[in-house]
$ cat structure_27.cif   # mmCIF, C-alpha atoms and all ligand atoms
data_run
#
loop_
_atom_site.label_atom_id
_atom_site.label_comp_id
_atom_site.auth_asym_id
_atom_site.auth_seq_id
_atom_site.Cartn_x
_atom_site.Cartn_y
_atom_site.Cartn_z
CA MET A 1289 109.13 -1.51 -10.04
CA SER A 1290 110.59 1.48 -11.75
CA ARG A 1291 108.95 1.29 -15.09
CA ASP A 1292 107.66 4.73 -14.11
CA HIS A 1293 111.12 6.28 -13.79
CA VAL A 1294 112.24 5.62 -17.36
CA THR A 1295 109.30 4.73 -19.56
CA HIS A 1296 108.75 3.79 -23.16
CA ALA A 1297 107.78 7.43 -23.72
CA ASP A 1298 111.10 8.57 -22.21
CA ILE A 1299 113.00 6.35 -24.65
CA VAL A 1300 110.90 7.72 -27.52
CA ARG A 1301 111.80 11.28 -26.49
CA PHE A 1302 115.48 10.40 -26.10
CA ALA A 1303 115.44 8.82 -29.57
CA ASP A 1304 113.84 11.91 -31.11
CA GLU A 1305 116.27 14.26 -29.46
CA ARG A 1306 119.55 12.36 -29.54
CA VAL A 1307 119.42 9.30 -31.77
CA ASN A 1308 117.39 9.84 -34.92
CA LEU A 1309 118.38 11.86 -37.92
CA LYS A 1310 115.76 14.60 -38.19
CA ARG A 1311 113.25 14.20 -40.98
CA ASP A 1312 114.21 17.50 -42.67
CA ASP A 1313 117.89 16.63 -42.61
CA ALA A 1314 117.15 13.21 -44.10
CA THR A 1315 115.08 14.83 -46.84
CA GLU A 1316 117.89 17.23 -47.67
CA LEU A 1317 120.53 14.47 -47.80
CA ARG A 1318 118.30 12.27 -49.95
CA ALA A 1319 117.69 15.17 -52.31
CA GLN A 1320 121.43 15.58 -52.77
CA ALA A 1321 121.80 11.92 -53.79
CA ASN A 1322 118.75 12.16 -56.03
CA ARG A 1323 120.19 15.14 -57.88
CA LEU A 1324 123.24 13.05 -58.79
CA ARG A 1325 120.99 10.18 -59.87
CA GLU A 1326 118.89 12.48 -62.06
CA ARG A 1327 121.96 14.01 -63.65
CA LEU A 1328 123.23 10.54 -64.49
CA GLU A 1329 119.82 9.72 -66.00
CA GLY A 1330 120.06 12.88 -68.10
CA TYR A 1331 123.52 11.89 -69.31
CA LEU A 1332 122.30 8.36 -70.09
CA GLY A 1333 119.47 9.84 -72.13
CA GLU A 1334 122.04 11.41 -74.43
CA HIS A 1335 124.61 8.58 -74.20
CA PRO A 1336 122.55 5.39 -74.01
CA ASP A 1337 125.65 3.17 -74.20
CA PHE A 1338 127.34 4.80 -71.19
CA GLU A 1339 128.76 2.15 -68.85
CA LEU A 1340 127.21 3.55 -65.63
CA ARG A 1341 123.69 2.14 -65.78
CA LYS A 1342 121.95 3.47 -62.69
CA MET A 1343 122.52 5.12 -59.32
CA LEU A 1344 120.50 4.10 -56.33
CA LEU A 1345 120.31 5.45 -52.81
CA SER A 1346 121.23 2.54 -50.55
CA GLY A 1347 122.16 2.37 -46.88
CA SER A 1348 120.41 3.87 -43.91
CA LEU A 1349 119.04 6.95 -45.69
CA ALA A 1350 117.19 4.70 -48.12
CA LYS A 1351 116.02 2.41 -45.32
CA GLY A 1352 114.93 5.15 -42.91
CA THR A 1353 117.32 3.92 -40.23
CA ALA A 1354 119.89 6.74 -40.21
CA LEU A 1355 121.30 8.18 -37.01
CA LYS A 1356 121.87 11.85 -36.25
CA THR A 1357 125.60 11.14 -36.51
CA ILE A 1358 125.30 9.98 -40.14
CA SER A 1359 128.57 10.69 -41.89
CA ASP A 1360 127.92 9.98 -45.52
CA ILE A 1361 125.25 9.25 -48.07
CA ASP A 1362 125.49 5.73 -49.50
CA VAL A 1363 124.76 5.29 -53.18
CA GLY A 1364 125.11 2.12 -55.22
CA CYS A 1365 126.21 2.61 -58.81
CA TYR A 1366 125.39 -0.16 -61.28
CA VAL A 1367 128.23 -0.48 -63.77
CA SER A 1368 128.19 -2.61 -66.89
CA SER A 1369 129.95 -5.80 -65.90
CA ALA A 1370 131.03 -6.41 -69.49
CA SER A 1371 133.01 -3.15 -69.75
CA ALA A 1372 134.19 -2.42 -66.18
CA PRO A 1373 137.46 -3.82 -64.87
CA HIS A 1374 136.88 -6.48 -62.22
CA LYS A 1375 140.03 -5.77 -60.23
CA VAL A 1376 138.89 -3.44 -57.46
CA SER A 1377 141.74 -0.93 -57.61
CA GLU A 1378 141.21 -0.53 -61.36
CA LEU A 1379 137.44 -0.51 -60.99
CA ILE A 1380 137.54 2.43 -58.57
CA ASP A 1381 139.72 4.52 -60.85
CA TRP A 1382 137.56 3.56 -63.84
CA LEU A 1383 134.38 4.55 -61.95
CA ALA A 1384 135.89 7.87 -60.87
CA LYS A 1385 136.76 8.68 -64.52
CA ARG A 1386 133.22 7.84 -65.67
CA LEU A 1387 131.74 10.01 -62.89
CA GLU A 1388 133.98 12.89 -64.02
CA LYS A 1389 132.53 12.44 -67.49
CA ALA A 1390 128.89 12.27 -66.40
CA PHE A 1391 129.19 15.18 -63.94
CA PRO A 1392 131.34 17.75 -65.78
CA ASN A 1393 130.24 20.55 -63.47
CA LEU A 1394 131.97 18.88 -60.50
CA LYS A 1395 135.57 19.91 -59.93
CA PRO A 1396 138.06 17.01 -60.13
CA GLU A 1397 138.95 17.46 -56.45
CA GLN A 1398 135.31 16.84 -55.55
CA ILE A 1399 135.63 13.27 -56.85
CA LYS A 1400 137.86 11.28 -54.54
CA ARG A 1401 139.07 7.72 -55.05
CA LYS A 1402 138.75 5.70 -51.87
CA THR A 1403 139.84 2.08 -51.32
CA TYR A 1404 136.54 0.45 -52.28
CA SER A 1405 134.34 3.36 -53.36
CA VAL A 1406 134.39 6.83 -54.90
CA ALA A 1407 133.36 9.79 -52.76
CA VAL A 1408 131.71 12.86 -54.23
CA ASN A 1409 132.06 15.88 -52.01
CA PHE A 1410 129.57 18.72 -52.00
CA ILE A 1411 131.46 21.85 -51.10
CA ALA A 1412 128.40 23.90 -50.16
CA THR A 1413 127.13 21.47 -47.55
CA GLY A 1414 130.26 19.48 -46.74
CA ASN A 1415 128.34 16.27 -47.34
CA GLU A 1416 129.94 13.31 -48.98
CA VAL A 1417 128.14 10.88 -51.25
CA ASP A 1418 129.86 7.52 -51.12
CA ILE A 1419 129.44 5.74 -54.44
CA VAL A 1420 129.86 1.98 -54.25
CA PRO A 1421 130.20 0.07 -57.53
CA ILE A 1422 127.95 -2.88 -58.32
CA LEU A 1423 128.99 -5.01 -61.30
CA TYR A 1424 125.78 -5.52 -63.22
CA ALA A 1425 124.91 -7.84 -66.08
CA GLY A 1426 121.23 -7.03 -66.63
CA ASP A 1427 119.29 -8.93 -63.93
CA PRO A 1428 115.71 -7.55 -63.85
CA GLN A 1429 115.71 -7.50 -60.02
CA TRP A 1430 118.98 -5.60 -60.03
CA ARG A 1431 121.06 -8.38 -58.58
CA GLY A 1432 124.73 -7.73 -59.13
CA ASP A 1433 128.16 -8.02 -57.57
CA LEU A 1434 128.36 -5.40 -54.83
CA ILE A 1435 131.88 -4.40 -53.86
CA SER A 1436 132.19 -5.07 -50.14
CA GLN A 1437 133.15 -1.92 -48.26
CA GLU A 1438 134.86 -4.10 -45.68
CA ASP A 1439 137.37 -5.99 -47.83
CA GLY A 1440 136.71 -5.24 -51.50
CA SER A 1441 135.36 -8.71 -52.25
CA THR A 1442 132.33 -9.07 -54.52
CA LEU A 1443 128.99 -9.94 -52.90
CA MET A 1444 126.21 -11.20 -55.16
CA THR A 1445 123.16 -9.40 -53.85
CA SER A 1446 120.38 -6.95 -54.68
CA VAL A 1447 120.11 -3.58 -52.98
CA PRO A 1448 116.51 -2.95 -54.22
CA MET A 1449 115.49 -6.34 -52.81
CA HIS A 1450 117.14 -5.42 -49.49
CA LEU A 1451 115.15 -2.18 -49.45
CA ASP A 1452 112.01 -4.17 -50.12
CA PHE A 1453 112.88 -6.64 -47.36
CA ILE A 1454 113.32 -3.81 -44.85
CA ARG A 1455 110.18 -2.05 -46.12
CA LYS A 1456 108.16 -5.20 -45.32
CA ARG A 1457 109.56 -5.33 -41.76
CA LYS A 1458 108.81 -1.65 -41.28
CA ALA A 1459 105.25 -2.19 -42.48
CA ALA A 1460 104.78 -5.08 -40.04
CA ASN A 1461 106.02 -2.94 -37.13
CA ASP A 1462 105.20 0.61 -38.10
CA LYS A 1463 107.69 3.10 -36.56
CA HIS A 1464 108.95 0.49 -34.11
CA PHE A 1465 111.16 -1.57 -36.41
CA ALA A 1466 113.08 1.45 -37.67
CA GLN A 1467 113.22 2.96 -34.19
CA MET A 1468 114.59 -0.22 -32.63
CA VAL A 1469 117.23 -0.41 -35.38
CA ARG A 1470 118.28 3.14 -34.61
CA LEU A 1471 118.39 2.55 -30.85
CA VAL A 1472 120.51 -0.58 -31.20
CA LYS A 1473 122.80 1.15 -33.73
CA PHE A 1474 123.22 4.01 -31.25
CA TRP A 1475 124.10 1.49 -28.51
CA ALA A 1476 126.61 -0.22 -30.83
CA GLY A 1477 128.11 3.17 -31.72
CA LEU A 1478 128.84 3.86 -28.05
CA ARG A 1479 130.48 0.43 -27.68
CA LYS A 1480 132.66 1.20 -30.74
CA GLN A 1481 133.73 4.48 -29.14
CA GLU A 1482 134.75 2.66 -25.96
CA ASN A 1483 136.55 -0.15 -27.71
CA THR A 1484 137.98 0.10 -31.20
CA ASP A 1485 137.86 -3.72 -31.52
CA PHE A 1486 134.08 -3.73 -31.17
CA ARG A 1487 132.33 -4.33 -34.50
CA PHE A 1488 128.64 -4.67 -35.19
CA LYS A 1489 127.56 -3.80 -38.68
CA SER A 1490 124.28 -1.92 -39.08
CA PHE A 1491 122.94 -4.40 -41.64
CA MET A 1492 123.53 -7.24 -39.17
CA ILE A 1493 121.59 -5.38 -36.48
CA GLU A 1494 118.71 -4.93 -38.92
CA LEU A 1495 118.73 -8.60 -39.86
CA ILE A 1496 118.79 -9.80 -36.25
CA LEU A 1497 115.87 -7.51 -35.40
CA ALA A 1498 114.02 -8.76 -38.48
CA HIS A 1499 114.66 -12.35 -37.34
CA LEU A 1500 113.24 -11.59 -33.89
CA ALA A 1501 110.25 -9.62 -35.16
CA ASP A 1502 109.45 -12.33 -37.74
CA GLY A 1503 109.48 -14.84 -34.87
CA GLY A 1504 106.92 -12.83 -32.91
CA THR A 1505 109.04 -10.63 -30.62
CA SER A 1506 107.05 -7.51 -29.98
CA LEU A 1507 108.84 -4.23 -30.70
CA ASN A 1508 106.25 -1.74 -29.56
CA ASP A 1509 107.50 -1.21 -26.00
CA TYR A 1510 111.14 -0.16 -26.21
CA PRO A 1511 112.35 -1.14 -22.73
CA GLU A 1512 110.82 -4.61 -23.29
CA ALA A 1513 112.01 -4.92 -26.86
CA LEU A 1514 115.56 -3.82 -26.03
CA SER A 1515 115.63 -6.30 -23.19
CA ALA A 1516 114.41 -9.04 -25.56
CA PHE A 1517 117.05 -8.14 -28.15
CA PHE A 1518 119.95 -8.16 -25.70
CA THR A 1519 118.69 -11.29 -23.96
CA PHE A 1520 118.52 -13.06 -27.32
CA LEU A 1521 122.12 -12.12 -28.16
CA ALA A 1522 123.39 -12.98 -24.70
CA THR A 1523 121.70 -16.38 -24.50
CA ASP A 1524 121.85 -17.49 -28.13
CA ALA A 1525 125.41 -16.15 -28.54
CA PHE A 1526 125.09 -16.57 -32.32
CA ALA A 1527 124.42 -20.31 -32.11
CA THR A 1528 121.38 -19.73 -34.34
CA THR A 1529 121.96 -19.49 -38.07
CA ILE A 1530 119.79 -16.61 -39.24
CA THR A 1531 118.01 -17.12 -42.58
CA PHE A 1532 114.96 -15.59 -44.27
CA SER A 1533 112.42 -17.21 -46.55
CA ASP A 1534 111.43 -14.09 -48.54
CA TYR A 1535 113.60 -14.87 -51.54
CA TYR A 1536 115.00 -18.38 -51.02
CA ASP A 1537 114.25 -21.64 -49.29
CA PRO A 1538 116.35 -21.65 -46.08
CA GLU A 1539 116.91 -25.39 -46.61
CA THR A 1540 119.13 -24.51 -49.54
CA CYS A 1541 121.46 -22.25 -47.55
CA GLY A 1542 125.19 -22.81 -47.63
CA LYS A 1543 126.82 -24.62 -44.73
CA THR A 1544 129.72 -22.93 -43.01
CA THR A 1545 131.67 -23.21 -39.79
CA GLU A 1546 132.06 -19.42 -39.51
CA PRO A 1547 131.48 -18.20 -35.93
CA MET A 1548 128.45 -16.11 -36.91
CA ARG A 1549 125.99 -16.97 -39.65
CA ILE A 1550 123.55 -14.32 -40.81
CA TRP A 1551 122.60 -15.07 -44.39
CA ASP A 1552 121.83 -12.22 -46.74
CA PRO A 1553 118.02 -12.22 -47.30
CA VAL A 1554 118.57 -12.36 -51.07
CA ASN A 1555 121.51 -14.76 -51.29
CA CYS A 1556 122.05 -17.53 -48.79
CA GLU A 1557 125.58 -18.09 -49.90
CA ASN A 1558 126.51 -14.63 -48.68
CA ASN A 1559 127.11 -14.63 -44.94
CA VAL A 1560 126.77 -10.97 -43.95
CA SER A 1561 128.89 -11.69 -40.85
CA ARG A 1562 131.56 -13.65 -42.75
CA LEU A 1563 134.42 -11.45 -41.57
CA TYR A 1564 133.52 -11.63 -37.86
CA THR A 1565 135.95 -13.64 -35.75
CA LEU A 1566 135.32 -15.49 -32.50
CA GLN A 1567 136.69 -12.45 -30.68
CA ASN A 1568 134.33 -10.12 -32.55
CA ARG A 1569 131.45 -12.41 -31.67
CA ASP A 1570 132.40 -12.67 -28.01
CA LYS A 1571 132.67 -8.88 -27.68
CA ILE A 1572 129.12 -8.48 -28.98
CA VAL A 1573 127.78 -11.18 -26.67
CA GLU A 1574 129.58 -9.67 -23.68
CA ALA A 1575 128.29 -6.16 -24.46
CA ALA A 1576 124.76 -7.56 -24.91
CA LEU A 1577 124.99 -9.30 -21.53
CA ASP A 1578 125.98 -6.02 -19.89
CA ALA A 1579 123.18 -4.13 -21.63
CA GLY A 1580 120.59 -6.79 -20.75
CA ASP A 1581 121.71 -6.78 -17.11
CA ALA A 1582 121.57 -2.99 -16.96
CA ILE A 1583 118.03 -2.90 -18.38
CA ASP A 1584 116.88 -5.60 -15.95
CA ALA A 1585 118.43 -3.68 -13.07
CA ALA A 1586 116.78 -0.49 -14.32
CA LEU A 1587 113.39 -2.20 -14.38
CA TYR A 1588 113.78 -3.21 -10.72
CA ALA A 1589 115.54 -0.13 -9.37
CA THR A 1590 113.59 1.78 -6.77
CA THR A 1591 114.65 5.36 -7.30
CA LYS A 1592 114.68 7.52 -10.39
CA SER A 1593 118.39 8.34 -10.16
CA GLU A 1594 119.28 4.66 -9.84
CA THR A 1595 117.07 3.78 -12.79
CA VAL A 1596 118.61 6.50 -14.96
CA ARG A 1597 122.10 5.40 -13.98
CA TYR A 1598 121.38 1.88 -15.28
CA TRP A 1599 119.88 3.13 -18.52
CA GLN A 1600 122.93 5.33 -19.03
CA LYS A 1601 125.06 2.18 -19.06
CA VAL A 1602 123.18 1.29 -22.23
CA PHE A 1603 122.72 4.67 -23.91
CA GLY A 1604 125.30 6.90 -22.28
CA PRO A 1605 124.91 10.18 -20.37
CA SER A 1606 122.86 11.87 -23.07
CA LEU A 1607 119.89 9.79 -21.88
CA ASN A 1608 118.70 12.03 -19.11
CA PRO A 1609 114.94 12.03 -18.65
N1 LIG B 1701 127.75 -8.04 -46.38
C1 LIG B 1701 126.78 -7.55 -47.11
N2 LIG B 1701 126.07 -8.34 -47.94
C2 LIG B 1701 125.08 -7.85 -48.70
N3 LIG B 1701 124.72 -6.55 -48.72
C3 LIG B 1701 125.37 -5.72 -47.92
C4 LIG B 1701 126.43 -6.16 -47.08
N4 LIG B 1701 126.89 -5.09 -46.42
C5 LIG B 1701 126.16 -4.04 -46.80
N5 LIG B 1701 125.23 -4.41 -47.70
C6 LIG B 1701 124.26 -3.53 -48.37
O1 LIG B 1701 124.62 -2.19 -48.09
C7 LIG B 1701 123.57 -1.51 -47.36
C8 LIG B 1701 124.20 -0.59 -46.31
O2 LIG B 1701 124.67 -1.36 -45.27
P1 LIG B 1701 125.17 -0.94 -43.86
O3 LIG B 1701 124.32 -1.67 -42.90
O4 LIG B 1701 126.61 -1.22 -43.77
O5 LIG B 1701 125.04 0.58 -43.70
P2 LIG B 1701 123.84 1.56 -43.32
O6 LIG B 1701 122.52 0.84 -43.30
O7 LIG B 1701 123.98 2.72 -44.23
O8 LIG B 1701 124.14 1.95 -41.84
P3 LIG B 1701 125.05 3.12 -41.22
O9 LIG B 1701 124.07 4.05 -40.57
O10 LIG B 1701 125.90 2.38 -40.25
O11 LIG B 1701 125.81 3.75 -42.33
C9 LIG B 1701 122.73 -2.65 -46.77
O12 LIG B 1701 121.40 -2.24 -46.55
C10 LIG B 1701 122.85 -3.70 -47.85
O13 LIG B 1701 121.95 -3.42 -48.91
MG MG B 1702 125.55 4.20 -44.28
#
$ encode --input "structure_27.cif" --output "structure tokens"
Amino acid sequence: MSRDHVTHADIVRFADERVNLKRDDATELRAQANRLRERLEGYLGEHPDFELRKMLLSGSLAKGTALKTISDIDVGCYVSSASAPHKVSELIDWLAKRLEKAFPNLKPEQIKRKTYSVAVNFIATGNEVDIVPILYAGDPQWRGDLISQEDGSTLMTSVPMHLDFIRKRKAANDKHFAQMVRLVKFWAGLRKQENTDFRFKSFMIELILAHLADGGTSLNDYPEALSAFFTFLATDAFATTITFSDYYDPETCGKTTEPMRIWDPVNCENNVSRLYTLQNRDKIVEAALDAGDAIDAALYATTKSETVRYWQKVFGPSLNP
């Protein structure tokens, strides 16, 4: 058995060196987003009726699941639903104009209108803060209509409740939940590089891992846990409808014939995998089969070089213990 050739500790080291965003870099990126948030709060102090209500770090930097290759900082911006246009193209331009007003020290060219968000560029660091509008009508748990970054549709959800949901899973599996998310995201990133048709959204990866961990799958030995994750995908092939009972009764979930069903933990009428086709699903299942086979082969390989070669099928050549 070649558990000794590539061990849990080797995967931990690989993750530290190649996969995870370094703690200091994460702190710096978060600070950049927080400075914007504080400046908006300052502006709101003087203009209490301003239509931008709140900015909130969302995405992987907020969840502690960011990869080294992180490209931008995700921020949700709550905008007053009563005053903002609801047509996305108009909403984006409207948001950009309000951001120009609230942040007068930014040059106009630093505020860029994208299809479904507004990007703020920091010249000094080259970082981009991606500001996603959320139409908000005053819900105390900050539920609102998030503009989907995939197709511009509105998704009724709550980013703070998502953060809380992930926080609970991290607490139940200290270090390991976030690390497994990052490892699987890294794996998915390699598959995307190989095949531009491959899609596997980070939030979906987090929800599948939450589903497995909630059901008792142990995450504390990474070779085992990765094998369990890929085996689940390969054998279940998205037959299971994934739901969570934190914020709703799963019995009340919508029924749909969509090929993949992963209900948003805060709204079980929002299928997070709604846009995934049969082809998208089959590509994930196929890639999971390959990864599961490679890990099994690695666990039974007899030499170190053979073991490493199998693991590299999963994590690429940068895994080199
Ligand atoms: N379809 C969706 N339904 C509800 N909320 C969503 C959906 N897509 C994204 N979100 C919200 O946006 C956040 C960011 O999601 P996403 O997983 O796409 O990016 P990320 O965690 O920043 O990962 P990456 O490292 O790939 O950027 C999620 O945590 C969730 O709060
Ligand atoms: Mg992100």
$ residues_around --input "structure_27.cif" --residues "stretch 1554-1564 of chain A" --least-positions-apart "6" --cutoff "8 Å" --atoms "only C-alpha atoms" --output "PyMOL selection string"
chain A and resi 1443-1446+1449-1450+1491-1492+1531+1534-1536+1538+1540-1542+1546-1548
$ residues_around --input "structure_27.cif" --residues "A:Leu1340" --least-positions-apart "4" --cutoff "8 Å" --atoms "all atoms listed in the file" --output "ChimeraX atom specification"
/A:1365-1368,1386
$ residues_near_ligand --input "structure_27.cif" --ligand "ligand MG 1702 (chain B)" --cutoff "8 Å" --atoms "all atoms listed in the file" --output "list in words"
Ser1346, Gly1347, Ser1348, Leu1349, Ala1354, Ile1358, Ser1359, Asp1360, Ile1361 and Asp1362 of chain A
$ atom_distance --input "structure_27.cif" --atom1 "atom CA of A:Leu1317" --atom2 "atom CA of A:Phe1486"
28.1 Å
$ closest_residue --input "structure_27.cif" --among "A:Tyr1588, A:Asp1381, A:Thr1353, A:Glu1316" --to "A:Ile1493" --atoms "all atoms listed in the file"
A:Thr1353
$ build_atoms --input "structure_27.cif" --residues "stretch 1482-1492 of chain A" --atoms "all heavy atoms" --output "PDB file, in the frame of the given file"
ATOM      1  N   GLU A1482     134.030   3.129 -27.142  1.00  0.00           N
ATOM      2  CA  GLU A1482     134.750   2.660 -25.960  1.00  0.00           C
ATOM      3  C   GLU A1482     135.863   1.689 -26.312  1.00  0.00           C
ATOM      4  O   GLU A1482     136.846   1.565 -25.598  1.00  0.00           O
ATOM      5  CB  GLU A1482     133.794   1.882 -25.030  1.00  0.00           C
ATOM      6  CG  GLU A1482     132.806   2.739 -24.308  1.00  0.00           C
ATOM      7  CD  GLU A1482     131.714   1.873 -23.662  1.00  0.00           C
ATOM      8  OE1 GLU A1482     131.746   0.626 -23.780  1.00  0.00           O
ATOM      9  OE2 GLU A1482     130.833   2.458 -23.049  1.00  0.00           O
ATOM     10  N   ASN A1483     135.653   0.955 -27.401  1.00  0.00           N
ATOM     11  CA  ASN A1483     136.550  -0.150 -27.710  1.00  0.00           C
ATOM     12  C   ASN A1483     136.664  -0.271 -29.224  1.00  0.00           C
ATOM     13  O   ASN A1483     135.706  -0.656 -29.890  1.00  0.00           O
ATOM     14  CB  ASN A1483     135.938  -1.426 -27.100  1.00  0.00           C
ATOM     15  CG  ASN A1483     136.776  -2.640 -27.388  1.00  0.00           C
ATOM     16  OD1 ASN A1483     137.709  -2.599 -28.190  1.00  0.00           O
ATOM     17  ND2 ASN A1483     136.444  -3.740 -26.742  1.00  0.00           N
ATOM     18  N   THR A1484     137.828   0.066 -29.744  1.00  0.00           N
ATOM     19  CA  THR A1484     137.980   0.100 -31.200  1.00  0.00           C
ATOM     20  C   THR A1484     137.888  -1.303 -31.816  1.00  0.00           C
ATOM     21  O   THR A1484     137.717  -1.435 -33.026  1.00  0.00           O
ATOM     22  CB  THR A1484     139.313   0.750 -31.616  1.00  0.00           C
ATOM     23  OG1 THR A1484     140.347   0.171 -30.809  1.00  0.00           O
ATOM     24  CG2 THR A1484     139.287   2.241 -31.434  1.00  0.00           C
ATOM     25  N   ASP A1485     137.997  -2.349 -30.994  1.00  0.00           N
ATOM     26  CA  ASP A1485     137.860  -3.720 -31.520  1.00  0.00           C
ATOM     27  C   ASP A1485     136.399  -4.139 -31.663  1.00  0.00           C
ATOM     28  O   ASP A1485     136.116  -5.209 -32.198  1.00  0.00           O
ATOM     29  CB  ASP A1485     138.518  -4.744 -30.575  1.00  0.00           C
ATOM     30  CG  ASP A1485     140.013  -4.567 -30.553  1.00  0.00           C
ATOM     31  OD1 ASP A1485     140.543  -3.992 -31.524  1.00  0.00           O
ATOM     32  OD2 ASP A1485     140.638  -4.977 -29.555  1.00  0.00           O
ATOM     33  N   PHE A1486     135.490  -3.347 -31.117  1.00  0.00           N
ATOM     34  CA  PHE A1486     134.080  -3.730 -31.170  1.00  0.00           C
ATOM     35  C   PHE A1486     133.536  -3.471 -32.561  1.00  0.00           C
ATOM     36  O   PHE A1486     133.665  -2.376 -33.096  1.00  0.00           O
ATOM     37  CB  PHE A1486     133.278  -2.943 -30.124  1.00  0.00           C
ATOM     38  CG  PHE A1486     131.840  -3.378 -30.039  1.00  0.00           C
ATOM     39  CD1 PHE A1486     131.464  -4.409 -29.190  1.00  0.00           C
ATOM     40  CD2 PHE A1486     130.861  -2.765 -30.813  1.00  0.00           C
ATOM     41  CE1 PHE A1486     130.135  -4.821 -29.115  1.00  0.00           C
ATOM     42  CE2 PHE A1486     129.531  -3.173 -30.747  1.00  0.00           C
ATOM     43  CZ  PHE A1486     129.172  -4.209 -29.894  1.00  0.00           C
ATOM     44  N   ARG A1487     132.940  -4.491 -33.180  1.00  0.00           N
ATOM     45  CA  ARG A1487     132.330  -4.330 -34.500  1.00  0.00           C
ATOM     46  C   ARG A1487     130.908  -4.865 -34.427  1.00  0.00           C
ATOM     47  O   ARG A1487     130.668  -5.913 -33.833  1.00  0.00           O
ATOM     48  CB  ARG A1487     133.046  -5.178 -35.566  1.00  0.00           C
ATOM     49  CG  ARG A1487     134.517  -5.061 -35.602  1.00  0.00           C
ATOM     50  CD  ARG A1487     135.084  -6.088 -36.597  1.00  0.00           C
ATOM     51  NE  ARG A1487     134.680  -5.783 -37.966  1.00  0.00           N
ATOM     52  CZ  ARG A1487     134.926  -6.578 -38.995  1.00  0.00           C
ATOM     53  NH1 ARG A1487     135.538  -7.738 -38.825  1.00  0.00           N
ATOM     54  NH2 ARG A1487     134.551  -6.237 -40.212  1.00  0.00           N
ATOM     55  N   PHE A1488     130.002  -4.159 -35.074  1.00  0.00           N
ATOM     56  CA  PHE A1488     128.640  -4.670 -35.190  1.00  0.00           C
ATOM     57  C   PHE A1488     127.989  -3.885 -36.321  1.00  0.00           C
ATOM     58  O   PHE A1488     127.495  -2.778 -36.128  1.00  0.00           O
ATOM     59  CB  PHE A1488     127.873  -4.497 -33.874  1.00  0.00           C
ATOM     60  CG  PHE A1488     126.710  -5.457 -33.689  1.00  0.00           C
ATOM     61  CD1 PHE A1488     125.968  -5.427 -32.515  1.00  0.00           C
ATOM     62  CD2 PHE A1488     126.357  -6.387 -34.656  1.00  0.00           C
ATOM     63  CE1 PHE A1488     124.901  -6.311 -32.309  1.00  0.00           C
ATOM     64  CE2 PHE A1488     125.298  -7.269 -34.464  1.00  0.00           C
ATOM     65  CZ  PHE A1488     124.577  -7.219 -33.294  1.00  0.00           C
ATOM     66  N   LYS A1489     128.021  -4.464 -37.473  1.00  0.00           N
ATOM     67  CA  LYS A1489     127.560  -3.800 -38.680  1.00  0.00           C
ATOM     68  C   LYS A1489     126.055  -3.513 -38.631  1.00  0.00           C
ATOM     69  O   LYS A1489     125.258  -4.356 -38.200  1.00  0.00           O
ATOM     70  CB  LYS A1489     127.857  -4.756 -39.830  1.00  0.00           C
ATOM     71  CG  LYS A1489     127.854  -4.182 -41.189  1.00  0.00           C
ATOM     72  CD  LYS A1489     128.188  -5.310 -42.164  1.00  0.00           C
ATOM     73  CE  LYS A1489     127.785  -4.925 -43.557  1.00  0.00           C
ATOM     74  NZ  LYS A1489     128.451  -3.696 -44.011  1.00  0.00           N
ATOM     75  N   SER A1490     125.686  -2.326 -39.100  1.00  0.00           N
ATOM     76  CA  SER A1490     124.280  -1.920 -39.080  1.00  0.00           C
ATOM     77  C   SER A1490     123.367  -2.947 -39.761  1.00  0.00           C
ATOM     78  O   SER A1490     122.286  -3.268 -39.247  1.00  0.00           O
ATOM     79  CB  SER A1490     124.106  -0.569 -39.770  1.00  0.00           C
ATOM     80  OG  SER A1490     124.856   0.403 -39.096  1.00  0.00           O
ATOM     81  N   PHE A1491     123.794  -3.453 -40.906  1.00  0.00           N
ATOM     82  CA  PHE A1491     122.940  -4.400 -41.640  1.00  0.00           C
ATOM     83  C   PHE A1491     122.703  -5.659 -40.802  1.00  0.00           C
ATOM     84  O   PHE A1491     121.608  -6.221 -40.806  1.00  0.00           O
ATOM     85  CB  PHE A1491     123.614  -4.749 -42.982  1.00  0.00           C
ATOM     86  CG  PHE A1491     122.695  -5.423 -43.980  1.00  0.00           C
ATOM     87  CD1 PHE A1491     121.368  -5.055 -44.113  1.00  0.00           C
ATOM     88  CD2 PHE A1491     123.186  -6.433 -44.816  1.00  0.00           C
ATOM     89  CE1 PHE A1491     120.538  -5.673 -45.047  1.00  0.00           C
ATOM     90  CE2 PHE A1491     122.364  -7.055 -45.748  1.00  0.00           C
ATOM     91  CZ  PHE A1491     121.040  -6.678 -45.865  1.00  0.00           C
ATOM     92  N   MET A1492     123.699  -6.071 -40.038  1.00  0.00           N
ATOM     93  CA  MET A1492     123.530  -7.240 -39.170  1.00  0.00           C
ATOM     94  C   MET A1492     122.512  -6.961 -38.069  1.00  0.00           C
ATOM     95  O   MET A1492     121.677  -7.811 -37.736  1.00  0.00           O
ATOM     96  CB  MET A1492     124.882  -7.650 -38.570  1.00  0.00           C
ATOM     97  CG  MET A1492     125.782  -8.326 -39.594  1.00  0.00           C
ATOM     98  SD  MET A1492     127.506  -8.559 -39.095  1.00  0.00           S
ATOM     99  CE  MET A1492     127.377  -8.765 -37.375  1.00  0.00           C
TER     100      MET A1492
END
